[in-house]
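Asker: Here it is: the structure, laid out below.
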Amino acid sequence: MKVLIVEDDARVSSFLDRGLKAEGYRPQVAHNASTGISMAKALQKEVRENFESAVVILDVMLPDGSGLDVCQTLRAEGFALPVLMLTALNSVEDRVAGLRMGADDYLGKPFAFDEILARIEALGRRIGNSVPKQIRKNLEVADLNLDLEKMRLSRAGREIQLTAKELALVELLMSAPGRLFSRERILSNVWGVNEDPLTNVVDVYIRRLRAKIDLEGLPPLIHTQRGLGYRLESLQEPDCQ
């Protein structure tokens with residue numbers, strides 16, 4: 001996924017640029033409003049032509065204008081990519097103003113990098129921003145197959161019955177085989193950013209998926225990295241659960 005960072009603070013933009021590259025994203029950086037608008041328009045055109053996905057991180061306070069005005073201008077011109085507003089102004093009134101100007105999400109400074117990753121992933125999965133399912137019809141990891149058109153999961157040819165939340169969780173894990181997903185990221189993507197981060201709902205659903213997917217006689221696909229999160233991948237030698 002591509003991420004456009006419109007941020008005039010060089011420390012923040014550099015931090016985000018390096019961190020997102022390390023996570024496998026393709027970030028671009030603009031340091032002012034006018035450049036941000038131009039790059040955002042070019043990014044949307046590129047995304048539409050190549051069936052890619054992208055998110056814009058937009059700082060509210062820019063040297064040549066307000067990020068709120070940038071967002072409003074882009075939306076008025078038909079800009080459809082998700083916008084995550086980033087700002088030190090974090091009152092309820094500020095958040096409401098950003099959302100009314102067309103922002104999809106709002107994150108106050110200072111922020112944890114893991115949280116902004118979770119927000120980006122949640123925005124990138126929204127309808128209208130992901131690669132159309134008719135372009136990518138299946139997700140496959142070893143003998144596990146998820147039909148994205150029918151939303152049916154099977155392993156070794158055997159269909160597995162899942163609830164809607166279980167399907168959303170397994171789709172997230174299968175979207176990036178081998179990637180470690182923290183509980184916070186999973187909560188954000190599957191249950192929404194307002195879910196209590198102390199809840200054990202993620203662990204409960206992971207146990208349910210294991211019971212249905214990691215069947216006896218088949219190598220386990222769902223793996224735990226204690227204290228960090230979960231990943232789904234095929235390993236030659238199963239790791240310790």
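Following the order of the structure tokens, chains are lettered A, B, ..., residues in each are numbered from 1, and ligands are numbered from 1.
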Would you kindly return, as an mmCIF file with N, CA, C and O atoms, in the first residue's frame, each protein, DNA or RNA residue with an atom no farther than 8 Å from any atom of Asp143 in chain A, considering only C-alpha atoms and excluding same-chain residues fewer than 2 positions away?
Answerer:
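Result file follows (result15.cif):
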data_model
loop_
_atom_site.group_PDB
_atom_site.id
_atom_site.type_symbol
_atom_site.label_atom_id
_atom_site.label_comp_id
_atom_site.auth_asym_id
_atom_site.auth_seq_id
_atom_site.Cartn_x
_atom_site.Cartn_y
_atom_site.Cartn_z
ATOM 1 N N GLU A 140 -4.461 -17.484 -0.526
ATOM 2 C CA GLU A 140 -4.002 -18.845 -0.278
ATOM 3 C C GLU A 140 -2.752 -18.841 0.587
ATOM 4 O O GLU A 140 -1.822 -18.075 0.340
ATOM 5 N N VAL A 141 -2.742 -19.695 1.582
ATOM 6 C CA VAL A 141 -1.566 -19.946 2.406
ATOM 7 C C VAL A 141 -1.493 -21.454 2.589
ATOM 8 O O VAL A 141 -2.369 -22.046 3.223
ATOM 9 N N ASN A 145 -7.415 -21.919 1.746
ATOM 10 C CA ASN A 145 -7.897 -21.069 0.658
ATOM 11 C C ASN A 145 -9.119 -20.281 1.103
ATOM 12 O O ASN A 145 -10.071 -20.839 1.657
ATOM 13 N N ARG A 155 -9.789 -25.779 3.801
ATOM 14 C CA ARG A 155 -8.425 -26.281 3.979
ATOM 15 C C ARG A 155 -8.351 -27.702 3.451
ATOM 16 O O ARG A 155 -9.163 -28.559 3.812
ATOM 17 N N ALA A 156 -7.369 -27.913 2.582
ATOM 18 C CA ALA A 156 -7.187 -29.206 1.935
ATOM 19 C C ALA A 156 -8.486 -29.663 1.266
ATOM 20 O O ALA A 156 -8.845 -30.844 1.281
ATOM 21 N N GLY A 157 -9.222 -28.695 0.694
ATOM 22 C CA GLY A 157 -10.449 -28.997 -0.015
ATOM 23 C C GLY A 157 -11.675 -29.125 0.861
ATOM 24 O O GLY A 157 -12.789 -29.295 0.361
#
Asker: If you count only C-alpha atoms, which residues fall within 6 Å of range 100-107 of chain A, apart from same-chain ones fewer than 4 positions away, as a PDB file with C-alpha atoms, in the first residue's frame?
Answerer:
ATOM      1  CA  GLN A  72     -11.985  20.020   2.149  1.00  0.00           C
ATOM      2  CA  PRO A  82      -8.963   7.683   2.916  1.00  0.00           C
ATOM      3  CA  VAL A  83      -7.496  10.577   4.919  1.00  0.00           C
ATOM      4  CA  LEU A  84      -6.045  10.196   8.411  1.00  0.00           C
ATOM      5  CA  MET A  85      -5.806  13.593  10.088  1.00  0.00           C
ATOM      6  CA  LEU A  86      -2.752  14.002  12.314  1.00  0.00           C
TER       7      LEU A  86
END
Asker: Extract, using only C-alpha atoms, all DNA, RNA and protein residues at most 12 Å from Met174 in chain A, discarding same-chain residues fewer than 2 positions from it, and format them as number ranges by chain.
Answerer: A: 138-148, 153, 167-172, 176-181, 221-222, 230-234
Asker: Find the residue from A:Arg75, A:Arg18, A:Lys45, A:Arg119 that sits nearest to Ile57 in chain A; use only C-alpha atoms when measuring.
Answerer: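 The answer is A:Arg119, which sits nearest to Ile57 in chain A.
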Asker: Would you pick out the contacts of Leu20 in chain A at 10 Å or less, using only C-alpha atoms, so that residues sharing its chain but fewer than 2 positions from it are not included, and give the list as a list in words?
Answerer: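 Close residues of Leu20 in chain A: Met1, Lys2, Val3, Ser14, Phe15, Leu16, Asp17, Arg18, Ala22, Glu23, Gly24, Tyr25, Arg26, Pro27, Phe113, Ile116 and Leu117 of chain A.
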Asker: So how far away is CA of Glu115 in chain A from CA of Ile37 in chain A, in Å?
Answerer: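 These atoms are spaced 25.2 Å apart.
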Asker: Record the distance separating CA of Glu149 in chain A and CA of Leu4 in chain A, expressed in Å with one decimal.
Answerer: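 CA of Leu4 in chain A lies at a distance of 29.7 Å from CA of Glu149 in chain A.
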